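For reference, query-v5.csv (CSV, C-alpha atoms and all ligand atoms):
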```csv
chain,number,residue,atom,x,y,z
H,1113,MET,CA,-18.6,3.7,0.9
H,1114,ALA,CA,-15.1,2.3,0.0
H,1115,LEU,CA,-12.2,3.1,2.3
H,1116,ASN,CA,-9.6,4.6,-0.1
H,1117,LEU,CA,-6.7,5.3,2.1
H,1118,ILE,CA,-3.1,6.6,1.7
H,1119,MET,CA,-0.5,6.6,4.4
H,1120,LEU,CA,2.1,9.4,4.4
H,1121,GLY,CA,5.2,9.3,6.6
H,1122,SER,CA,9.0,9.0,6.4
H,1123,PRO,CA,10.8,5.7,5.8
H,1124,GLY,CA,10.8,4.0,9.2
H,1125,ALA,CA,7.6,5.8,10.5
H,1126,GLY,CA,5.8,2.4,10.7
H,1127,LYS,CA,3.6,2.8,7.6
H,1128,GLY,CA,4.1,-0.8,6.4
H,1129,THR,CA,3.3,-2.3,9.8
H,1130,GLN,CA,0.3,-0.2,10.4
H,1131,ALA,CA,-0.9,-0.5,6.8
H,1132,LYS,CA,-0.9,-4.3,7.1
H,1133,ARG,CA,-2.8,-4.2,10.4
H,1134,LEU,CA,-5.4,-1.8,9.1
H,1135,ALA,CA,-5.9,-3.6,5.8
H,1136,ARG,CA,-6.3,-6.9,7.6
H,1137,GLY,CA,-8.8,-5.4,10.1
H,1138,ARG,CA,-10.9,-3.7,7.4
H,1139,ARG,CA,-10.6,-6.6,4.9
H,1140,ILE,CA,-9.2,-4.5,2.1
H,1141,PRO,CA,-6.0,-5.0,0.2
H,1142,ARG,CA,-2.7,-3.3,1.2
H,1143,VAL,CA,-0.9,-2.0,-1.8
H,1144,SER,CA,2.8,-1.5,-1.1
H,1145,THR,CA,4.7,0.0,-4.0
H,1146,GLY,CA,8.0,-1.0,-2.3
H,1147,ASP,CA,6.8,-4.6,-2.1
H,1148,ILE,CA,5.7,-4.5,-5.8
H,1149,LEU,CA,9.1,-3.2,-6.8
H,1150,ARG,CA,11.0,-5.7,-4.6
H,1151,GLU,CA,9.0,-8.5,-6.3
H,1152,ALA,CA,9.9,-7.2,-9.7
H,1153,ALA,CA,13.6,-7.0,-8.7
H,1154,ASP,CA,13.6,-10.5,-7.3
H,1155,ALA,CA,12.0,-11.8,-10.5
H,1156,GLY,CA,15.2,-10.5,-12.2
H,1157,THR,CA,13.4,-9.1,-15.3
H,1158,GLU,CA,15.0,-6.2,-17.2
H,1159,VAL,CA,12.7,-3.7,-15.5
H,1160,GLY,CA,13.3,-5.4,-12.2
H,1161,ARG,CA,17.1,-5.1,-12.6
H,1162,ARG,CA,16.8,-1.4,-13.3
H,1163,VAL,CA,14.5,-0.8,-10.4
H,1164,GLN,CA,16.9,-2.6,-8.1
H,1165,VAL,CA,19.7,-0.2,-8.9
H,1166,VAL,CA,17.5,2.8,-8.1
H,1167,MET,CA,16.3,1.2,-4.8
H,1168,ASP,CA,19.8,0.3,-3.7
H,1169,ARG,CA,20.8,3.9,-4.1
H,1170,GLY,CA,17.8,5.1,-2.0
H,1171,GLU,CA,16.5,7.1,-4.9
H,1172,LEU,CA,13.0,7.2,-6.4
H,1173,VAL,CA,11.7,5.2,-9.3
H,1174,SER,CA,10.2,7.5,-12.0
H,1175,ASP,CA,6.8,9.0,-11.6
H,1176,ASP,CA,5.6,7.5,-14.9
H,1177,VAL,CA,6.6,4.0,-14.0
H,1178,MET,CA,5.1,4.3,-10.5
H,1179,THR,CA,1.9,5.8,-11.7
H,1180,ALA,CA,1.4,3.0,-14.3
H,1181,ILE,CA,2.0,0.4,-11.6
H,1182,VAL,CA,-0.5,1.9,-9.2
H,1183,ARG,CA,-3.2,2.6,-11.9
H,1184,GLU,CA,-3.1,-1.0,-12.9
H,1185,ARG,CA,-3.2,-2.3,-9.3
H,1186,LEU,CA,-6.0,0.0,-8.1
H,1187,ASN,CA,-8.2,-1.0,-11.1
H,1188,GLU,CA,-8.2,-4.6,-10.1
H,1189,PRO,CA,-11.5,-5.8,-8.7
H,1190,ASP,CA,-10.3,-6.3,-5.1
H,1191,ALA,CA,-9.2,-2.7,-4.8
H,1192,ARG,CA,-12.5,-1.3,-6.1
H,1193,GLY,CA,-14.0,-1.8,-2.7
H,1194,GLY,CA,-11.2,0.1,-0.9
H,1195,PHE,CA,-7.4,-0.1,-0.3
H,1196,VAL,CA,-4.6,0.9,1.9
H,1197,LEU,CA,-1.9,2.4,-0.3
H,1198,ASP,CA,1.6,2.3,1.3
H,1199,GLY,CA,4.5,4.1,-0.3
H,1200,PHE,CA,2.6,6.0,-2.9
H,1201,PRO,CA,2.3,8.9,-3.6
H,1202,ARG,CA,5.9,10.0,-2.9
H,1203,THR,CA,6.0,13.1,-5.0
H,1204,VAL,CA,3.5,15.9,-5.8
H,1205,ALA,CA,3.3,14.7,-9.4
H,1206,GLN,CA,2.3,11.2,-8.1
H,1207,ALA,CA,-0.4,12.8,-5.9
H,1208,GLN,CA,-1.8,14.6,-8.9
H,1209,ALA,CA,-1.8,11.4,-10.9
H,1210,LEU,CA,-3.5,9.6,-8.1
H,1211,ASP,CA,-6.4,12.1,-8.1
H,1212,GLY,CA,-6.8,11.3,-11.8
H,1213,ILE,CA,-6.7,7.5,-11.2
H,1214,LEU,CA,-9.4,7.9,-8.5
H,1215,ASP,CA,-11.6,10.3,-10.4
H,1216,GLY,CA,-15.2,9.3,-9.9
H,1217,ARG,CA,-14.4,7.0,-6.9
H,1218,ASP,CA,-15.0,7.6,-3.2
H,1219,ALA,CA,-13.0,10.3,-1.4
H,1220,LEU,CA,-9.4,9.7,-0.6
H,1221,ILE,CA,-8.5,9.5,3.1
H,1222,ILE,CA,-5.0,10.7,4.0
H,1223,VAL,CA,-3.2,9.7,7.3
H,1224,TYR,CA,0.2,11.1,8.1
H,1225,ILE,CA,2.2,9.1,10.6
H,1226,GLU,CA,4.7,11.6,12.1
H,1227,VAL,CA,7.9,10.5,13.8
H,1228,PRO,CA,10.9,12.7,14.9
H,1229,GLU,CA,14.0,12.4,12.7
H,1230,ARG,CA,16.3,11.1,15.5
H,1231,GLU,CA,13.9,8.2,16.1
H,1232,LEU,CA,13.7,7.4,12.4
H,1233,VAL,CA,17.5,7.0,12.0
H,1234,ARG,CA,17.6,4.7,15.0
H,1235,ARG,CA,14.8,2.6,13.7
H,1236,LEU,CA,16.0,2.3,10.2
H,1237,GLY,CA,19.6,1.4,11.2
H,1238,THR,CA,18.4,-1.5,13.3
H,1239,ARG,CA,15.4,-2.8,11.3
H,1240,LEU,CA,15.4,-6.5,10.2
H,1241,MET,CA,13.0,-8.0,7.6
H,1242,CYS,CA,12.0,-11.6,7.0
H,1243,ALA,CA,13.5,-12.7,3.8
H,1244,LYS,CA,10.5,-15.0,3.2
H,1245,CYS,CA,7.4,-13.1,4.1
H,1246,GLY,CA,8.7,-9.5,4.3
H,1247,THR,CA,7.5,-8.8,7.8
H,1248,ASN,CA,9.6,-6.3,9.8
H,1249,ALA,CA,11.1,-7.9,12.9
H,1250,ASP,CA,12.1,-6.2,16.2
H,1251,GLY,CA,15.6,-5.7,14.8
H,1252,PHE,CA,19.0,-5.9,16.3
H,1253,ALA,CA,17.5,-4.8,19.6
H,1254,ALA,CA,15.8,-8.2,19.9
H,1255,VAL,CA,19.0,-10.0,18.9
H,1256,ALA,CA,21.0,-8.1,21.6
H,1257,LYS,CA,18.3,-8.7,24.2
H,1258,ALA,CA,18.3,-12.5,23.6
H,1259,ALA,CA,22.1,-12.6,23.7
H,1260,VAL,CA,22.1,-11.3,27.2
H,1261,GLY,CA,19.3,-13.6,28.3
H,1262,GLY,CA,16.5,-11.0,28.1
H,1263,LYS,CA,13.1,-11.4,26.5
H,1264,GLY,CA,13.9,-11.0,22.8
H,1265,GLN,CA,12.0,-13.0,20.1
H,1266,ALA,CA,11.9,-16.8,20.7
H,1267,ASP,CA,14.6,-17.3,18.0
H,1268,PRO,CA,16.2,-13.9,17.3
H,1269,GLU,CA,17.4,-15.1,13.8
H,1270,ARG,CA,14.0,-16.3,12.6
H,1271,CYS,CA,10.7,-14.6,11.7
H,1272,GLY,CA,8.2,-15.0,14.5
H,1273,LEU,CA,5.4,-15.5,11.9
H,1274,CYS,CA,6.8,-17.9,9.2
H,1275,GLY,CA,10.2,-19.0,10.5
H,1276,GLY,CA,12.0,-17.3,7.6
H,1277,SER,CA,15.5,-15.9,8.2
H,1278,LEU,CA,15.8,-12.3,9.2
H,1279,VAL,CA,18.0,-10.0,7.1
H,1280,GLN,CA,18.8,-6.3,6.8
H,1281,ARG,CA,17.1,-4.6,3.8
H,1282,ALA,CA,19.8,-3.5,1.4
H,1283,ASP,CA,18.4,0.0,1.5
H,1284,ASP,CA,18.5,0.1,5.3
H,1285,ARG,CA,22.4,0.4,5.4
H,1286,ASP,CA,23.6,3.7,7.0
H,1287,ALA,CA,24.6,5.6,3.8
H,1288,VAL,CA,21.4,4.6,2.0
H,1289,VAL,CA,19.2,5.4,5.0
H,1290,LEU,CA,20.6,9.0,5.0
H,1291,GLU,CA,20.0,9.3,1.3
H,1292,ARG,CA,16.4,8.0,1.6
H,1293,LEU,CA,15.7,10.5,4.4
H,1294,LYS,CA,17.1,13.3,2.2
H,1295,VAL,CA,15.0,12.2,-0.7
H,1296,TYR,CA,12.0,12.0,1.6
H,1297,HIS,CA,12.4,15.6,2.9
H,1298,ARG,CA,12.9,16.9,-0.6
H,1299,GLU,CA,10.3,15.0,-2.6
H,1300,THR,CA,7.7,13.5,-0.3
H,1301,GLU,CA,7.4,15.7,2.8
H,1302,PRO,CA,5.8,18.5,0.7
H,1303,LEU,CA,2.8,16.2,0.3
H,1304,VAL,CA,1.9,16.9,3.9
H,1305,GLU,CA,1.2,20.5,3.0
H,1306,HIS,CA,-0.3,19.4,-0.3
H,1307,TYR,CA,-3.0,17.4,1.5
H,1308,ARG,CA,-3.3,19.2,4.8
H,1309,SER,CA,-6.2,21.4,3.8
H,1310,ARG,CA,-8.4,18.4,2.8
H,1311,ALA,CA,-11.2,17.6,5.2
H,1312,THR,CA,-10.1,13.9,5.1
H,1313,PHE,CA,-6.5,14.6,6.2
H,1314,ARG,CA,-5.5,13.3,9.7
H,1315,ARG,CA,-2.2,13.3,11.5
H,1316,VAL,CA,-1.2,10.5,14.0
H,1317,ASP,CA,1.7,10.5,16.5
H,1318,GLY,CA,4.0,7.6,15.2
H,1319,ALA,CA,6.5,7.9,18.0
H,1320,GLN,CA,4.2,5.9,20.4
H,1321,PRO,CA,4.2,2.1,20.8
H,1322,PRO,CA,2.8,0.3,17.7
H,1323,ASP,CA,-0.4,-0.8,19.5
H,1324,GLN,CA,-1.2,2.8,20.5
H,1325,VAL,CA,-0.4,4.1,17.0
H,1326,ALA,CA,-2.8,1.5,15.6
H,1327,ARG,CA,-5.6,2.6,18.0
H,1328,ASP,CA,-5.0,6.3,17.1
H,1329,LEU,CA,-5.0,5.4,13.5
H,1330,ALA,CA,-8.3,3.6,13.7
H,1331,VAL,CA,-9.9,6.6,15.3
H,1332,ALA,CA,-8.4,9.0,12.8
H,1333,VAL,CA,-9.5,6.8,9.8
H,1334,ASP,CA,-13.1,6.5,11.2
H,1335,ALA,CA,-13.3,10.2,11.7
H,1336,ALA,CA,-12.1,11.0,8.2
H,1337,HIS,CA,-14.3,8.3,6.7
H,1338,SER,CA,-17.4,9.8,8.3
H,1339,VAL,CA,-16.5,13.3,7.1
H,1340,ALA,CA,-16.2,11.8,3.6
H,1341,THR,CA,-19.4,9.9,3.9
H,1342,SER,CA,-21.5,12.8,5.1
H,1343,ALA,CA,-20.0,15.1,2.4
H,1344,SER,CA,-20.1,12.4,-0.3
H,1345,GLY,CA,-20.7,14.0,-3.6
H,1346,GLY,CA,-19.3,17.2,-2.2
H,1347,VAL,CA,-15.6,16.3,-1.5
H,1348,ARG,CA,-15.1,13.6,-4.1
H,1349,ARG,CA,-11.6,13.8,-5.4
Y,1401,LIG,P1,9.5,1.3,0.6
Y,1401,LIG,O1,9.4,-0.1,0.8
Y,1401,LIG,O2,8.2,2.0,0.5
Y,1401,LIG,O3,10.4,2.0,1.6
Y,1401,LIG,O4,10.2,1.5,-0.9
Y,1401,LIG,C1,11.5,1.1,-1.1
Y,1401,LIG,C2,12.0,1.8,-2.3
Y,1401,LIG,O5,11.2,1.6,-3.5
Y,1401,LIG,C3,12.1,3.3,-2.2
Y,1401,LIG,O6,13.3,3.7,-1.5
Y,1401,LIG,C4,12.1,3.7,-3.7
Y,1401,LIG,O7,13.4,3.5,-4.3
Y,1401,LIG,C5,11.1,2.7,-4.3
Y,1401,LIG,N1,9.7,3.2,-4.3
Y,1401,LIG,C6,8.7,2.7,-3.6
Y,1401,LIG,N2,7.6,3.4,-3.8
Y,1401,LIG,C7,7.9,4.4,-4.7
Y,1401,LIG,C8,7.2,5.5,-5.2
Y,1401,LIG,N3,5.9,5.8,-5.0
Y,1401,LIG,N4,7.9,6.4,-6.1
Y,1401,LIG,C9,9.2,6.1,-6.4
Y,1401,LIG,N5,9.9,5.1,-5.8
Y,1401,LIG,C10,9.3,4.3,-5.0
```
Take the structure I supplied and represent it as structure tokens, if you would.
Ligand code: AMP
Amino acid sequence: MALNLIMLGSPGAGKGTQAKRLARGRRIPRVSTGDILREAADAGTEVGRRVQVVMDRGELVSDDVMTAIVRERLNEPDARGGFVLDGFPRTVAQAQALDGILDGRDALIIVYIEVPERELVRRLGTRLMCAKCGTNADGFAAVAKAAVGGKGQADPERCGLCGGSLVQRADDRDAVVLERLKVYHRETEPLVEHYRSRATFRRVDGAQPPDQVARDLAVAVDAAHSVATSASGGVRR
């Protein structure tokens, strides 16, 4: 049975990091709508330029555009055997569209990574990303540690994976962070209630160290997957 998984959680909750680990471990593609949009923006196409403006303001790209992007991606052959969707759905309308896209496919598993607001603001304000491979780095904390001779990353200005330079995401600047959190509470948080009653919904404590979150996530996903498997045919969405 395919593992069709979505990750809910605020910006900064660790969805991207955990989605990458999970997708690698389960050998299924991670589909990040943020990455797809950033690629379009970097390509400098007309659509890309419009998307860039929306992202730089911390606002959401329209449901129609996002749904079309996700429909196309999830219908590619590699995603037919399962996927980890990161960053979609972000509105109830997108969640309803996703049910339509997945009609007739295996049940959707929903994991919600919950992190308290104070911790989110701290994480987002100090987050650094590799300009080359997109991996999140340890952030300014690592730079500061290295500067005082502590154990930061080997080279605090370079990505530990590919050596690319570390930069702050344009939408991680203070004012934009606050806007993104506001948009999250207004548009995306209602999804938790939207999905909570499904048998395949699981919540994970995202305030823990990343390795512990990964372990809890693996347990939650396996539990939801076995519920979906034993009820298959019954709870198909
Ligand atoms: P992310 O990398 O998931 O934090 O996404 C970065 C930005 O891309 C968001 O702040 C939005 O502007 C845009 N974006 C990503 N996914 C969606 C989505 N599902 N709906 C609308 N906008 C999105």
Q: Return as a PyMOL selection string every polymer residue, whether protein, DNA or RNA, with at least one atom no more than 7 Å from an atom of ligand LIG 1401 (chain Y); count only C-alpha atoms and all ligand atoms.
A: chain H and resi 1123+1144-1147+1149+1166-1167+1170-1175+1178+1198-1202+1283+1292
Judged by all atoms listed in the file, the minimum distance to Leu1236 (chain H) among H:Thr1341, H:Asn1116, H:Ser1309, H:Ser1122 is found for H:Ser1122
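Candidate residues H:Gly1121, H:Val1163, H:Val1182, H:Ala1282 were compared for distance to Ala1209 (chain H), and the nearest is H:Val1182, using only C-alpha atoms.
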Item checked: Of the listed residues H:Cys1245, H:Cys1274, H:Ala1340, H:Leu1117, that which approaches Glu1151 (chain H) most closely, counting only C-alpha atoms ->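 That would be H:Cys1245, the residue with the smallest distance to Glu1151 (chain H).
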Option closest in space to Val1333 (chain H), from H:Ile1225, H:Leu1303, H:Val1159, H:Val1165 [counting all atoms listed in the file] =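 Closest candidate: H:Ile1225.
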Checklist line | Residue nearest Thr1312 (chain H) - candidates H:Leu1115, H:Ala1131, H:Ala1243, H:Asn1248, atoms counted: only C-alpha atoms | finding: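 Comparing H:Leu1115, H:Ala1131, H:Ala1243, H:Asn1248 against Thr1312 (chain H), the winner is H:Leu1115.
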Nearest candidate to Leu1240 (chain H) (options H:Leu1278, H:Val1339, H:Ala1153, H:Leu1197; using all atoms listed in the file):
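Checking each of H:Leu1278, H:Val1339, H:Ala1153, H:Leu1197 against Leu1240 (chain H), counting all atoms listed in the file, the winner is H:Leu1278.
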Box for region 1153-1172 of chain H - axis-aligned, 5 Å on each of the six sides, all listed atoms - centre and size in Å to one decimal, as lines of an AutoDock Vina configuration file.
```
center_x = 16.4
center_y = -2.3
center_z = -9.6
size_x = 18.8
size_y = 29.0
size_z = 25.2
```
